[in-house]
Amino acid sequence: SYVDAVNFARRANAPAHFAVGLRDTLCPPSTVFAAHNHYGTANGRDRRPERTIHVYPFNHHEGGDATHTRRQLRWLRENFEDLDHPFLS
């Protein structure tokens, strides 16, 4: 069965880090952009949570692969630096 993440994205409260491969045939890029654009719009707060998206024009479902992994780790470190976790150091 199919579940579109945009239906859950509207109620989000936490910061988010998105990636989309424009040649992805498993998760169509339009659905990723929809989730990103609606992220936090109905969370009952005055402000939407911070969100970031990286677009990989020549990639498929793997997104940015190792490049994106480095971006994810950097994003985690910047957004959750007050947490004490070995992956973020």
# chains A, B, ... in the order shown; residues from 1 in each chain; ligands from 1
call {"tool": "residues_around", "arguments": {"residues": "region 33-39 of chain A", "least_positions_apart": "3", "cutoff": "9 Å", "atoms": "only C-alpha atoms", "output": "PyMOL selection string"}}
result
chain A and resi 4-13+16+18+20+29-30+42-43+48-49+51-53
call {"tool": "select_by_dssp", "arguments": {"residues": "chain A", "states": "helix (DSSP H, G or I)", "output": "ChimeraX atom specification"}}
result
/A:6-9,29-38,65-79,86-88
call {"tool": "write_last_selection", "arguments": {"atoms": "N, CA and C atoms", "output": "mmCIF file, in the first residue's frame"}}
result
data_model
loop_
_atom_site.group_PDB
_atom_site.id
_atom_site.type_symbol
_atom_site.label_atom_id
_atom_site.label_comp_id
_atom_site.auth_asym_id
_atom_site.auth_seq_id
_atom_site.Cartn_x
_atom_site.Cartn_y
_atom_site.Cartn_z
ATOM 1 N N VAL A 6 3.187 13.564 2.819
ATOM 2 C CA VAL A 6 2.657 14.925 2.944
ATOM 3 C C VAL A 6 1.504 14.974 3.945
ATOM 4 N N ASN A 7 0.784 13.880 4.100
ATOM 5 C CA ASN A 7 -0.334 13.844 5.044
ATOM 6 C C ASN A 7 0.127 13.949 6.496
ATOM 7 N N PHE A 8 1.328 13.509 6.785
ATOM 8 C CA PHE A 8 1.869 13.589 8.126
ATOM 9 C C PHE A 8 2.753 14.815 8.305
ATOM 10 N N ALA A 9 3.326 15.297 7.243
ATOM 11 C CA ALA A 9 4.269 16.417 7.300
ATOM 12 C C ALA A 9 3.616 17.685 7.834
ATOM 13 N N PRO A 29 9.801 12.862 -7.166
ATOM 14 C CA PRO A 29 10.240 14.135 -6.603
ATOM 15 C C PRO A 29 9.092 15.069 -6.230
ATOM 16 N N SER A 30 8.002 15.021 -6.960
ATOM 17 C CA SER A 30 6.874 15.905 -6.641
ATOM 18 C C SER A 30 6.335 15.634 -5.240
ATOM 19 N N THR A 31 6.383 14.381 -4.782
ATOM 20 C CA THR A 31 5.884 14.066 -3.443
ATOM 21 C C THR A 31 6.845 14.562 -2.364
ATOM 22 N N VAL A 32 8.145 14.531 -2.650
ATOM 23 C CA VAL A 32 9.128 15.048 -1.693
ATOM 24 C C VAL A 32 8.975 16.560 -1.568
ATOM 25 N N PHE A 33 8.830 17.242 -2.702
ATOM 26 C CA PHE A 33 8.631 18.692 -2.662
ATOM 27 C C PHE A 33 7.325 19.041 -1.957
ATOM 28 N N ALA A 34 6.285 18.251 -2.162
ATOM 29 C CA ALA A 34 5.007 18.500 -1.486
ATOM 30 C C ALA A 34 5.160 18.362 0.022
ATOM 31 N N ALA A 35 5.846 17.308 0.468
ATOM 32 C CA ALA A 35 6.073 17.121 1.900
ATOM 33 C C ALA A 35 6.887 18.274 2.471
ATOM 34 N N HIS A 36 7.924 18.686 1.757
ATOM 35 C CA HIS A 36 8.758 19.807 2.208
ATOM 36 C C HIS A 36 7.939 21.092 2.283
ATOM 37 N N ASN A 37 7.142 21.358 1.278
ATOM 38 C CA ASN A 37 6.368 22.602 1.229
ATOM 39 C C ASN A 37 5.257 22.661 2.268
ATOM 40 N N HIS A 38 4.710 21.513 2.651
ATOM 41 C CA HIS A 38 3.632 21.484 3.636
ATOM 42 C C HIS A 38 4.115 21.179 5.051
ATOM 43 N N ASP A 65 23.727 10.197 -1.799
ATOM 44 C CA ASP A 65 24.615 9.130 -1.355
ATOM 45 C C ASP A 65 25.602 9.639 -0.296
ATOM 46 N N ALA A 66 26.891 9.454 -0.469
ATOM 47 C CA ALA A 66 27.884 9.836 0.546
ATOM 48 C C ALA A 66 27.914 11.347 0.762
ATOM 49 N N THR A 67 27.696 12.102 -0.287
ATOM 50 C CA THR A 67 27.653 13.560 -0.154
ATOM 51 C C THR A 67 26.526 13.960 0.788
ATOM 52 N N HIS A 68 25.392 13.323 0.617
ATOM 53 C CA HIS A 68 24.262 13.676 1.478
ATOM 54 C C HIS A 68 24.457 13.176 2.904
ATOM 55 N N THR A 69 25.106 12.050 3.067
ATOM 56 C CA THR A 69 25.397 11.561 4.417
ATOM 57 C C THR A 69 26.226 12.584 5.175
ATOM 58 N N ARG A 70 27.243 13.147 4.518
ATOM 59 C CA ARG A 70 28.053 14.189 5.154
ATOM 60 C C ARG A 70 27.190 15.401 5.491
ATOM 61 N N ARG A 71 26.290 15.777 4.587
ATOM 62 C CA ARG A 71 25.395 16.914 4.847
ATOM 63 C C ARG A 71 24.462 16.612 6.020
ATOM 64 N N GLN A 72 23.966 15.379 6.089
ATOM 65 C CA GLN A 72 23.095 14.992 7.198
ATOM 66 C C GLN A 72 23.823 15.112 8.533
ATOM 67 N N LEU A 73 25.033 14.584 8.588
ATOM 68 C CA LEU A 73 25.799 14.644 9.833
ATOM 69 C C LEU A 73 26.114 16.077 10.228
ATOM 70 N N ARG A 74 26.449 16.928 9.271
ATOM 71 C CA ARG A 74 26.698 18.339 9.549
ATOM 72 C C ARG A 74 25.424 19.009 10.073
ATOM 73 N N TRP A 75 24.295 18.706 9.429
ATOM 74 C CA TRP A 75 23.013 19.284 9.836
ATOM 75 C C TRP A 75 22.653 18.849 11.253
ATOM 76 N N LEU A 76 22.840 17.570 11.551
ATOM 77 C CA LEU A 76 22.570 17.066 12.899
ATOM 78 C C LEU A 76 23.449 17.768 13.929
ATOM 79 N N ARG A 77 24.721 17.908 13.613
ATOM 80 C CA ARG A 77 25.650 18.560 14.532
ATOM 81 C C ARG A 77 25.222 20.008 14.782
ATOM 82 N N GLU A 78 24.845 20.721 13.726
ATOM 83 C CA GLU A 78 24.451 22.123 13.857
ATOM 84 C C GLU A 78 23.122 22.295 14.590
ATOM 85 N N ASN A 79 22.181 21.373 14.392
ATOM 86 C CA ASN A 79 20.853 21.522 14.965
ATOM 87 C C ASN A 79 20.677 20.862 16.322
ATOM 88 N N PRO A 86 27.936 10.159 20.288
ATOM 89 C CA PRO A 86 29.198 9.944 19.566
ATOM 90 C C PRO A 86 29.094 10.201 18.057
ATOM 91 N N PHE A 87 27.938 10.000 17.443
ATOM 92 C CA PHE A 87 27.809 10.235 16.008
ATOM 93 C C PHE A 87 27.876 11.706 15.653
ATOM 94 N N LEU A 88 27.619 12.574 16.625
ATOM 95 C CA LEU A 88 27.569 14.015 16.349
ATOM 96 C C LEU A 88 28.868 14.715 16.709
#
call {"tool": "closest_residue", "arguments": {"among": "A:Gly44, A:Gly64, A:Val3, A:Ala14", "to": "Cys27 (chain A)", "atoms": "only C-alpha atoms"}}
result
A:Val3
